[in-house]
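Have a look at input.txt below; it lists compact mmCIF, C-alpha atoms and all ligand atoms.
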```txt
# COMPACT_ATOMS: atom_id res chain seq x y z
CA MET J 19 106.54 98.02 -243.08
CA ALA J 20 103.95 95.29 -243.67
CA SER J 21 103.61 92.64 -240.93
CA LEU J 22 103.89 88.93 -241.79
CA MET J 23 100.09 88.55 -241.78
CA GLU J 24 99.71 91.44 -244.21
CA SER J 25 102.09 89.66 -246.62
CA LYS J 26 101.81 86.79 -249.07
CA LEU J 27 102.51 83.46 -247.34
CA THR J 28 103.82 80.24 -248.86
CA PRO J 29 101.34 77.30 -248.99
CA GLU J 30 103.38 75.60 -246.20
CA GLN J 31 103.20 78.67 -243.93
CA HIS J 32 99.51 79.02 -244.71
CA ALA J 33 98.80 75.36 -243.78
CA LEU J 34 100.47 75.78 -240.36
CA ILE J 35 98.62 79.02 -239.63
CA ARG J 36 95.32 77.45 -240.70
CA LYS J 37 95.78 74.73 -238.08
CA VAL J 38 96.21 77.36 -235.35
CA LEU J 39 93.21 79.37 -236.55
CA VAL J 40 90.94 76.31 -236.52
CA ALA J 41 92.18 75.39 -233.01
CA GLN J 42 91.66 79.00 -231.83
CA THR J 43 88.08 79.00 -233.05
CA ALA J 44 87.42 75.64 -231.36
CA SER J 45 88.81 76.98 -228.06
CA LEU J 46 88.83 80.79 -227.72
CA GLY J 47 85.86 80.93 -230.07
CA VAL J 48 83.72 79.11 -227.46
CA VAL J 49 84.01 82.06 -225.05
CA GLU J 50 84.10 84.81 -227.70
CA SER J 51 81.28 83.79 -230.02
CA PRO J 52 78.32 84.23 -227.60
CA ILE J 53 79.37 87.86 -226.99
CA VAL J 54 79.53 88.65 -230.72
CA GLU J 55 76.21 86.87 -231.35
CA ASP J 56 74.60 88.85 -228.54
CA LEU J 57 75.90 92.20 -229.85
CA LEU J 58 74.70 91.47 -233.39
CA THR J 59 71.27 90.12 -232.41
CA ARG J 60 70.52 92.72 -229.73
CA HIS J 61 70.82 95.47 -232.35
CA ASN J 62 69.25 93.39 -235.11
CA TYR J 63 72.17 94.06 -237.47
CA ARG J 64 71.57 92.64 -240.95
CA THR J 65 74.78 93.28 -242.92
CA VAL J 66 78.18 92.40 -241.45
CA LEU J 67 81.67 92.79 -242.92
CA ASP J 68 84.41 90.58 -241.38
CA ILE J 69 87.90 91.95 -242.12
CA GLY J 70 90.61 89.27 -242.23
CA CYS J 71 88.25 86.29 -242.00
CA GLY J 72 91.10 83.81 -242.62
CA GLU J 73 89.99 80.25 -243.39
CA GLY J 74 86.46 81.20 -242.40
CA THR J 75 85.54 78.84 -239.55
CA PHE J 76 84.64 81.56 -237.04
CA LEU J 77 82.53 83.49 -239.54
CA LEU J 78 80.75 80.38 -240.84
CA GLN J 79 79.80 79.36 -237.30
CA LEU J 80 78.45 82.86 -236.65
CA ALA J 81 76.49 82.83 -239.91
CA ARG J 82 74.85 79.51 -239.00
CA LYS J 83 73.78 80.91 -235.63
CA LEU J 84 72.39 84.13 -237.18
CA PRO J 85 70.58 83.07 -240.38
CA GLY J 86 68.76 86.43 -240.64
CA ALA J 87 72.00 88.40 -241.19
CA HIS J 88 74.22 88.60 -244.28
CA PHE J 89 77.96 88.24 -243.84
CA ILE J 90 80.85 89.18 -246.13
CA GLY J 91 84.28 87.87 -245.19
CA ILE J 92 87.33 89.41 -246.80
CA ASP J 93 90.97 88.41 -246.54
CA GLN J 94 94.09 89.56 -248.33
CA SER J 95 95.24 85.92 -248.62
CA GLU J 96 93.89 84.05 -251.63
CA LEU J 97 94.89 80.75 -249.98
CA ALA J 98 92.74 81.59 -246.94
CA ILE J 99 89.78 82.62 -249.10
CA ASN J 100 90.08 79.39 -251.14
CA ASP J 101 89.81 77.41 -247.88
CA ALA J 102 86.85 79.50 -246.73
CA VAL J 103 85.02 78.99 -250.03
CA ARG J 104 85.60 75.21 -249.86
CA LYS J 105 84.14 75.15 -246.34
CA LEU J 106 81.22 77.29 -247.44
CA ARG J 107 80.38 74.78 -250.21
CA ARG J 108 80.51 71.91 -247.72
CA ARG J 109 78.40 73.61 -245.05
CA SER J 110 76.33 75.70 -247.46
CA PRO J 111 74.79 78.49 -245.37
CA ASP J 112 73.43 80.92 -247.99
CA ASN J 113 74.05 84.07 -245.93
CA VAL J 114 77.87 84.24 -246.34
CA ARG J 115 80.12 85.43 -249.15
CA PHE J 116 83.92 85.44 -249.24
CA GLU J 117 86.21 87.73 -251.25
CA THR J 118 89.95 88.20 -251.60
CA ALA J 119 90.66 91.85 -250.76
CA PHE J 120 93.13 93.92 -248.77
CA PHE J 121 91.36 96.21 -246.31
CA GLU J 122 92.76 99.75 -246.33
CA GLN J 123 91.58 103.35 -246.65
CA ALA J 124 90.85 102.91 -250.38
CA PHE J 125 88.68 99.78 -249.84
CA LYS J 126 85.24 100.09 -251.49
CA ARG J 127 82.86 102.50 -249.79
CA THR J 128 79.85 100.21 -249.16
CA LYS J 129 78.39 100.76 -245.69
CA TYR J 130 77.43 97.96 -243.26
CA ASP J 131 75.37 97.66 -240.07
CA ALA J 132 78.39 96.08 -238.40
CA VAL J 133 82.06 95.64 -239.18
CA MET J 134 84.00 93.03 -237.23
CA THR J 135 87.55 91.79 -237.14
CA ARG J 136 89.20 88.96 -235.19
CA TYR J 137 92.96 88.69 -234.57
CA THR J 138 93.62 90.93 -237.58
CA LEU J 139 93.86 94.47 -236.19
CA GLN J 140 96.79 93.22 -234.08
CA HIS J 141 98.68 92.47 -237.31
CA SER J 142 97.99 95.87 -238.87
CA SER J 143 100.99 98.08 -239.55
CA GLU J 144 98.60 101.08 -239.27
CA PRO J 145 96.02 100.25 -236.56
CA GLU J 146 94.66 103.82 -236.29
CA VAL J 147 94.02 103.94 -240.06
CA PHE J 148 92.48 100.44 -239.91
CA VAL J 149 89.94 101.45 -237.21
CA ARG J 150 89.15 104.79 -238.91
CA SER J 151 88.60 102.97 -242.21
CA ALA J 152 86.27 100.50 -240.46
CA PHE J 153 84.37 103.45 -238.92
CA GLU J 154 83.90 104.92 -242.42
CA ARG J 155 82.28 101.65 -243.61
CA LEU J 156 79.62 101.80 -240.89
CA LYS J 157 76.10 103.11 -241.28
CA ARG J 158 74.87 105.54 -238.60
CA LYS J 159 74.27 103.57 -235.37
CA GLY J 160 76.40 100.78 -236.82
CA MET J 161 78.86 98.88 -234.65
CA PHE J 162 82.54 97.99 -234.95
CA ILE J 163 83.55 94.83 -233.06
CA ALA J 164 87.17 93.72 -232.61
CA LEU J 165 88.41 90.52 -230.97
CA GLU J 166 92.12 90.78 -230.27
CA SER J 167 94.96 89.42 -228.18
CA VAL J 168 95.87 90.76 -224.78
CA ASP J 169 98.71 88.42 -223.99
CA ALA J 170 100.03 90.42 -221.02
CA TYR J 171 96.97 89.21 -219.08
CA THR J 172 97.60 85.56 -219.99
CA ASP J 173 98.36 83.80 -216.73
CA CYS J 174 97.71 80.76 -214.57
CA HIS J 175 95.55 80.12 -211.53
CA GLU J 176 98.76 78.81 -209.91
CA PRO J 177 102.13 80.06 -211.23
CA ASP J 178 103.86 77.63 -213.57
CA PRO J 179 107.39 77.92 -215.05
CA THR J 180 106.53 76.04 -218.29
CA TRP J 181 103.59 78.32 -219.00
CA GLU J 182 105.82 81.34 -218.33
CA ARG J 183 108.43 80.02 -220.82
CA PHE J 184 105.71 79.38 -223.40
CA ARG J 185 104.33 82.90 -222.94
CA SER J 186 107.66 84.66 -223.26
CA ALA J 187 108.68 82.62 -226.35
CA ILE J 188 105.33 83.44 -228.00
CA ALA J 189 105.83 87.14 -227.16
CA GLY J 190 109.16 86.96 -229.05
CA VAL J 191 107.37 85.47 -232.06
CA HIS J 192 104.83 88.35 -232.07
CA ARG J 193 107.66 90.90 -232.02
CA ARG J 194 109.38 89.12 -234.94
CA VAL J 195 106.25 89.04 -237.14
CA GLY J 196 105.44 92.68 -236.43
CA SER J 197 102.20 92.12 -234.52
CA ASN J 198 100.97 93.74 -231.32
CA ASP J 199 100.01 90.93 -228.92
CA ASN J 200 98.63 93.48 -226.46
CA ILE J 201 96.51 95.56 -228.79
CA GLY J 202 93.52 94.47 -226.70
CA LYS J 203 94.63 97.07 -224.13
CA SER J 204 94.40 99.85 -226.75
CA LEU J 205 90.99 99.01 -228.20
CA GLY J 206 89.17 101.65 -226.10
CA VAL J 207 91.42 104.52 -227.13
CA LEU J 208 91.65 103.41 -230.77
CA PHE J 209 87.84 103.30 -230.95
CA LYS J 210 87.40 106.68 -229.22
CA ASN J 211 89.93 108.42 -231.46
CA ALA J 212 88.21 107.04 -234.55
CA GLY J 213 84.90 108.62 -233.43
CA LEU J 214 83.14 105.54 -232.02
CA ARG J 215 80.98 105.97 -228.92
CA ASP J 216 79.27 103.72 -226.29
CA ILE J 217 82.54 101.81 -226.18
CA GLN J 218 82.83 98.58 -224.21
CA VAL J 219 85.86 96.33 -223.82
CA ARG J 220 85.88 93.04 -221.93
CA VAL J 221 88.44 90.26 -221.54
CA VAL J 222 87.55 86.56 -221.87
CA LEU J 223 89.64 83.64 -220.62
CA CYS J 224 90.19 80.39 -222.51
CA SER J 225 91.35 77.75 -220.05
CA PRO J 226 90.74 74.08 -219.13
CA SER J 227 87.90 75.20 -216.84
CA THR J 228 86.19 77.43 -219.44
CA VAL J 229 86.57 75.50 -222.71
CA GLY J 230 87.69 72.04 -221.57
CA VAL J 231 91.12 70.42 -221.31
CA ASN J 232 91.10 68.93 -224.84
CA ARG J 233 90.44 72.23 -226.60
CA PHE J 234 92.99 74.01 -224.44
CA GLN J 235 95.61 71.33 -225.17
CA ALA J 236 94.90 71.46 -228.91
CA VAL J 237 95.29 75.22 -229.26
CA VAL J 238 98.49 75.44 -227.19
CA HIS J 239 99.95 72.47 -229.09
CA ALA J 240 99.13 74.06 -232.47
CA MET J 241 100.68 77.39 -231.37
CA ALA J 242 103.85 75.60 -230.22
CA ASP J 243 104.13 73.66 -233.52
CA LEU J 244 103.72 76.86 -235.53
CA ALA J 245 106.27 78.79 -233.45
CA LEU J 246 108.85 75.99 -233.72
CA ALA J 247 108.37 75.62 -237.48
CA PHE J 248 108.54 79.38 -238.21
CA PHE J 249 111.11 80.61 -235.68
CA PRO J 250 113.19 77.82 -234.10
CA ASP J 251 115.62 80.48 -232.83
CA LEU J 252 112.85 82.04 -230.71
CA PHE J 253 110.87 78.91 -229.85
CA ASP J 254 113.40 76.10 -229.80
CA ARG J 255 112.90 72.33 -229.72
CA GLN J 256 113.55 72.19 -225.98
CA VAL J 257 110.73 74.63 -225.15
CA HIS J 258 108.50 72.76 -227.60
CA GLU J 259 109.19 69.38 -225.99
CA GLU J 260 108.69 70.82 -222.51
CA VAL J 261 105.32 72.31 -223.49
CA VAL J 262 104.15 69.10 -225.19
CA GLU J 263 105.03 67.01 -222.09
CA TRP J 264 103.36 69.55 -219.81
CA LEU J 265 100.17 69.42 -221.90
CA LYS J 266 99.90 65.65 -221.30
CA ASP J 267 99.39 66.18 -217.56
CA ARG J 268 95.63 66.72 -217.41
CA ALA J 269 95.50 66.84 -213.62
CA CYS J 270 98.10 69.62 -213.55
CA LEU J 271 96.24 71.59 -216.24
CA GLU J 272 92.97 71.26 -214.35
CA GLN J 273 94.56 72.33 -211.08
CA LYS J 274 96.60 75.26 -212.42
CA ASP J 275 94.02 76.36 -214.97
CA PRO J 276 96.36 78.30 -217.30
CA TYR J 277 94.55 80.68 -219.62
CA LEU J 278 94.87 82.50 -222.92
CA CYS J 279 93.05 85.84 -223.11
CA SER J 280 91.33 87.85 -225.74
CA ALA J 281 89.81 91.30 -225.52
CA ILE J 282 86.49 92.02 -227.21
CA GLY J 283 85.76 95.66 -227.93
CA ASN J 284 82.71 97.26 -229.49
CA GLY J 285 81.77 100.83 -230.27
CA THR J 286 78.93 102.55 -232.12
CA LYS J 287 79.04 105.20 -234.84
CA PRO J 288 76.98 108.17 -233.60
C1 LIG T 1 95.39 85.74 -237.46
S1 LIG T 1 94.44 85.64 -238.91
C2 LIG T 1 92.77 85.66 -238.24
C3 LIG T 1 91.78 84.98 -239.13
C4 LIG T 1 90.33 84.95 -238.64
N1 LIG T 1 89.80 86.26 -238.39
C5 LIG T 1 90.16 84.07 -237.42
O1 LIG T 1 89.76 84.61 -236.39
O2 LIG T 1 90.42 82.87 -237.50
C6 LIG T 1 94.58 87.24 -239.61
C7 LIG T 1 94.09 87.27 -241.06
O3 LIG T 1 94.00 88.62 -241.48
C8 LIG T 1 94.41 88.71 -242.83
N2 LIG T 1 94.76 90.14 -243.01
C9 LIG T 1 95.73 90.85 -242.38
N3 LIG T 1 95.67 92.14 -242.73
C10 LIG T 1 94.64 92.26 -243.62
C11 LIG T 1 94.08 93.35 -244.35
N4 LIG T 1 94.54 94.60 -244.21
N5 LIG T 1 93.04 93.12 -245.18
C12 LIG T 1 92.55 91.86 -245.33
N6 LIG T 1 93.03 90.79 -244.66
C13 LIG T 1 94.07 90.99 -243.80
C14 LIG T 1 95.53 87.70 -242.95
O4 LIG T 1 95.71 87.29 -244.28
C15 LIG T 1 95.01 86.57 -242.04
O5 LIG T 1 94.29 85.62 -242.75
```
How does this structure look as structure tokens?
Amino acid sequence: MASLMESKLTPEQHALIRKVLVAQTASLGVVESPIVEDLLTRHNYRTVLDIGCGEGTFLLQLARKLPGAHFIGIDQSELAINDAVRKLRRRSPDNVRFETAFFEQAFKRTKYDAVMTRYTLQHSSEPEVFVRSAFERLKRKGMFIALESVDAYTDCHEPDPTWERFRSAIAGVHRRVGSNDNIGKSLGVLFKNAGLRDIQVRVVLCSPSTVGVNRFQAVVHAMADLALAFFPDLFDRQVHEEVVEWLKDRACLEQKDPYLCSAIGNGTKP
């Protein structure tokens, strides 16, 4: 069965998700982006396909940093691609193109130096097929890069009951929408089984100490708003209010240093 993110969303649902994606790029993106940039520049990759580029902010930032490479962002959501195209016009880097397309086995057979995906594999109803299909779109010596959630590692420098409640309510939301919030743990084996080699997986932490209090507050707030609006039975008003109050206490956030995690995996086609 298709997950929520593989389905057509209403404009209202799309607008709420867009807010989270922008906040994730402004926060988690700060610790993720340098790793992706390094992988792409070290190997001098020139053509890059981004599967599930969403509203495009992460890809546009990458494209600005790497003007010598050409990027194609695809997303199954026309609403997301419309947003990405609007941003592209405003920021006008000439090395990015966006297209509405659903990535699957039958996707066109063009081959790329690198294929990347961020927070999209975790929503795939067929992750093994997704990674194999990405492998098939790589040139020899090409690289697949995936940035995905690993929420089981999300924690706090000092234990905190509000953060624990937030985490377990968000885990319920992932189960409801059919996504795997711990797919980061499986990246190595998914890559190996698809035929990728020289596999590396690392975990990065997004916390007040790594990205700053404001960015951390903004992303957690946006996630809480989205969860309350979509699934008030799983993430009720009381949890929402508790999280919003907790986020106002900067000193507590700095002391406890709660963090969100993502796993970044890469592997090369022999
Ligand atoms: C959580 S969003 C991540 C967006 C973006 N990569 C980012 O990091 O901000 C996942 C996106 O993947 C898209 N998506 C999910 N499955 C897809 C598929 N098989 N082919 C193309 N897009 C897909 C969804 O429409 C959604 O925009």
query: In file coordinates, which residues lie within 8 Å of (87.1, 82.9, -252.6) using only C-alpha atoms, given as JSON, numbers by chain?
result: {"J": [96, 99, 100, 101, 102, 103, 116, 117, 118]}
Take the residues just selected and output them with C-alpha atoms as a compact mmCIF listing (two decimals), keeping the file's coordinate frame.
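The resulting part_27.txt:
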```
# COMPACT_ATOMS: atom_id res chain seq x y z
CA GLU J 96 93.89 84.05 -251.63
CA ILE J 99 89.78 82.62 -249.10
CA ASN J 100 90.08 79.39 -251.14
CA ASP J 101 89.81 77.41 -247.88
CA ALA J 102 86.85 79.50 -246.73
CA VAL J 103 85.02 78.99 -250.03
CA PHE J 116 83.92 85.44 -249.24
CA GLU J 117 86.21 87.73 -251.25
CA THR J 118 89.95 88.20 -251.60
```
field: Shell of 8 Å around ligand LIG 1 (chain T) (only C-alpha atoms and all ligand atoms), written as a VMD selection string
entry: chain J and resid 23 to 26 35 to 36 39 to 40 42 to 43 68 to 77 92 to 95 98 118 to 122 135 to 139 141 to 142 148
task: Can you work out the spacing between atom CA of J:Glu146 and atom CA of J:Leu208 in Å, to one decimal?
output: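 Atom-to-atom, atom CA of J:Glu146 to atom CA of J:Leu208, that is 6.3 Å.
Atom to atom, atom CA of J:Gly285 and atom CA of J:Gly196 stand 25.8 Å apart.
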- prompt: If I put a ball of radius 8 Å at (91.7, 74.6, -228.2) in the file's coordinates, which residues poke into it when counting all atoms listed in the file, written as a list in words?
  reply: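 Residues lying no farther than 8 Å from the given point: Ala41, Gln42, Thr43, Ala44, Ser45, Leu46, Val229, Asn232, Arg233, Phe234, Gln235, Ala236, Val237 and Val238 of chain J.
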Residues from the last selection, C-alpha atoms, saved as a PDB file, keeping the file's coordinate frame:
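Dumped everything to result09.pdb:
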```pdb
ATOM      1  CA  ALA J  41      92.180  75.390-233.010  1.00  0.00           C
ATOM      2  CA  GLN J  42      91.660  79.000-231.830  1.00  0.00           C
ATOM      3  CA  THR J  43      88.080  79.000-233.050  1.00  0.00           C
ATOM      4  CA  ALA J  44      87.420  75.640-231.360  1.00  0.00           C
ATOM      5  CA  SER J  45      88.810  76.980-228.060  1.00  0.00           C
ATOM      6  CA  LEU J  46      88.830  80.790-227.720  1.00  0.00           C
ATOM      7  CA  VAL J 229      86.570  75.500-222.710  1.00  0.00           C
ATOM      8  CA  ASN J 232      91.100  68.930-224.840  1.00  0.00           C
ATOM      9  CA  ARG J 233      90.440  72.230-226.600  1.00  0.00           C
ATOM     10  CA  PHE J 234      92.990  74.010-224.440  1.00  0.00           C
ATOM     11  CA  GLN J 235      95.610  71.330-225.170  1.00  0.00           C
ATOM     12  CA  ALA J 236      94.900  71.460-228.910  1.00  0.00           C
ATOM     13  CA  VAL J 237      95.290  75.220-229.260  1.00  0.00           C
ATOM     14  CA  VAL J 238      98.490  75.440-227.190  1.00  0.00           C
TER      15      VAL J 238
END
```
query: Do you know which residues are at most 9 Å from stretch 150-155 of chain J counting all atoms listed in the file, after dropping those on the same chain fewer than 5 positions away, and could you put them as a list in words?
result: Leu67, Ile69, Phe121, Glu122, Gln123, Ala124, Phe125, Lys126, Arg127, Thr128, Lys129, Tyr130, Asp131, Ala132, Val133, Met134, Pro145, Gly160, Met161, Phe162, Leu208, Phe209, Asn211, Ala212, Gly213, Leu214, Thr286 and Lys287 of chain J
message: Need the shell around J:Ala242: protein/DNA/RNA residues with any atom at most 9 Å away, counting all atoms listed in the file. Skip same-chain ones fewer than 3 positions apart. Format as number ranges by chain?
response: J: 184, 188, 237-239, 245-247, 253, 257-258, 261-262
message: Between atom CA of J:Ser225 and atom CA of J:Ile282, what is the distance in Å, rounded to a tenth?
response: 16.7 Å
query: Hey, which of J:Leu58, J:Arg108, J:Thr180, J:Val38 ends up closest to J:Phe89? Count all atoms listed in the file.
result: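 That would be J:Leu58, the residue with the smallest distance to J:Phe89.
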query: Which of these residues is nearest to J:Val48, using all atoms listed in the file: J:Leu22, J:Val222, J:Ala240, J:Leu78?
result: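 Of J:Leu22, J:Val222, J:Ala240, J:Leu78, the one nearest J:Val48 is J:Val222, counting all atoms listed in the file.
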- request: For each of J:Gln140, J:Leu205, J:Pro179, J:Arg255, take the minimum atom-to-atom distance to J:His192, counting all atoms listed in the file, then give the residue where this is smallest.
  value: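 Going through J:Gln140, J:Leu205, J:Pro179, J:Arg255 one by one, the smallest distance to J:His192 is for J:Gln140.
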- request: Can you work out which one of J:Gln273, J:Ser280, J:Asn200, J:Ser227 has the shortest atom-to-atom distance to J:Pro177, counting all atoms listed in the file?
  value: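 Using all atoms listed in the file, J:Pro177 sits closest to J:Gln273.
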field: Nearest to J:Ser197, chosen from J:Val219, J:Leu252, J:Ile163, J:Val168, with only C-alpha atoms counted in the distances
entry: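 Once distances to J:Ser197 are computed over only C-alpha atoms, the minimum belongs to J:Val168.
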- prompt: Which one is closest to J:Pro52: J:Leu80, J:Met241, J:Tyr277, J:Leu106? Count only C-alpha atoms.
  reply: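 Between J:Leu80, J:Met241, J:Tyr277, J:Leu106, the residue approaching J:Pro52 most closely is J:Leu80.
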- request: Please provide as a ChimeraX atom specification all residues within 10 Å of J:Asp169, with the sequence filter that same-chain residues fewer than 4 positions apart are discarded (counting all atoms listed in the file).
  value: /J:173,185-186,188-189,198-203,277-281
Incomplete stretch 234-257 of chain J filled out to N, CA and C atoms as a short mmCIF file (atom, residue, chain, number, x, y, z; two decimals), keeping the file's coordinate frame:
```
data_model
loop_
_atom_site.label_atom_id
_atom_site.label_comp_id
_atom_site.auth_asym_id
_atom_site.auth_seq_id
_atom_site.Cartn_x
_atom_site.Cartn_y
_atom_site.Cartn_z
N PHE J 234 91.85 73.21 -224.90
CA PHE J 234 92.99 74.01 -224.44
C PHE J 234 94.30 73.36 -224.91
N GLN J 235 94.40 72.04 -224.73
CA GLN J 235 95.61 71.33 -225.17
C GLN J 235 95.84 71.53 -226.67
N ALA J 236 94.76 71.40 -227.44
CA ALA J 236 94.90 71.46 -228.91
C ALA J 236 95.40 72.82 -229.36
N VAL J 237 94.87 73.90 -228.77
CA VAL J 237 95.29 75.22 -229.26
C VAL J 237 96.73 75.54 -228.84
N VAL J 238 97.11 75.16 -227.64
CA VAL J 238 98.49 75.44 -227.19
C VAL J 238 99.47 74.59 -228.02
N HIS J 239 99.10 73.34 -228.28
CA HIS J 239 99.95 72.47 -229.09
C HIS J 239 100.14 73.06 -230.50
N ALA J 240 99.05 73.50 -231.11
CA ALA J 240 99.13 74.06 -232.47
C ALA J 240 99.99 75.33 -232.47
N MET J 241 99.86 76.16 -231.45
CA MET J 241 100.68 77.39 -231.37
C MET J 241 102.16 77.04 -231.24
N ALA J 242 102.45 76.01 -230.43
CA ALA J 242 103.85 75.60 -230.22
C ALA J 242 104.43 75.04 -231.52
N ASP J 243 103.65 74.23 -232.24
CA ASP J 243 104.13 73.66 -233.52
C ASP J 243 104.44 74.77 -234.52
N LEU J 244 103.54 75.74 -234.59
CA LEU J 244 103.72 76.86 -235.53
C LEU J 244 104.97 77.67 -235.17
N ALA J 245 105.12 77.97 -233.89
CA ALA J 245 106.27 78.79 -233.45
C ALA J 245 107.58 78.07 -233.73
N LEU J 246 107.61 76.76 -233.47
CA LEU J 246 108.85 75.99 -233.72
C LEU J 246 109.16 75.95 -235.22
N ALA J 247 108.14 75.73 -236.04
CA ALA J 247 108.37 75.62 -237.48
C ALA J 247 108.82 76.96 -238.09
N PHE J 248 108.23 78.06 -237.62
CA PHE J 248 108.54 79.38 -238.21
C PHE J 248 109.84 79.96 -237.65
N PHE J 249 110.01 79.89 -236.33
CA PHE J 249 111.11 80.61 -235.68
C PHE J 249 111.80 79.74 -234.63
N PRO J 250 112.52 78.70 -235.07
CA PRO J 250 113.19 77.82 -234.10
C PRO J 250 114.22 78.54 -233.24
N ASP J 251 114.69 79.72 -233.68
CA ASP J 251 115.62 80.48 -232.83
C ASP J 251 114.92 81.14 -231.65
N LEU J 252 113.61 81.40 -231.79
CA LEU J 252 112.85 82.04 -230.71
C LEU J 252 112.11 81.02 -229.86
N PHE J 253 111.68 79.94 -230.52
CA PHE J 253 110.87 78.91 -229.85
C PHE J 253 111.56 77.58 -230.19
N ASP J 254 112.56 77.23 -229.38
CA ASP J 254 113.40 76.10 -229.80
C ASP J 254 112.77 74.75 -229.42
N ARG J 255 113.41 73.69 -229.90
CA ARG J 255 112.90 72.33 -229.72
C ARG J 255 112.72 71.97 -228.25
N GLN J 256 113.62 72.51 -227.41
CA GLN J 256 113.55 72.19 -225.98
C GLN J 256 112.27 72.76 -225.35
N VAL J 257 111.97 74.02 -225.68
CA VAL J 257 110.73 74.63 -225.15
C VAL J 257 109.53 73.85 -225.70
#
```
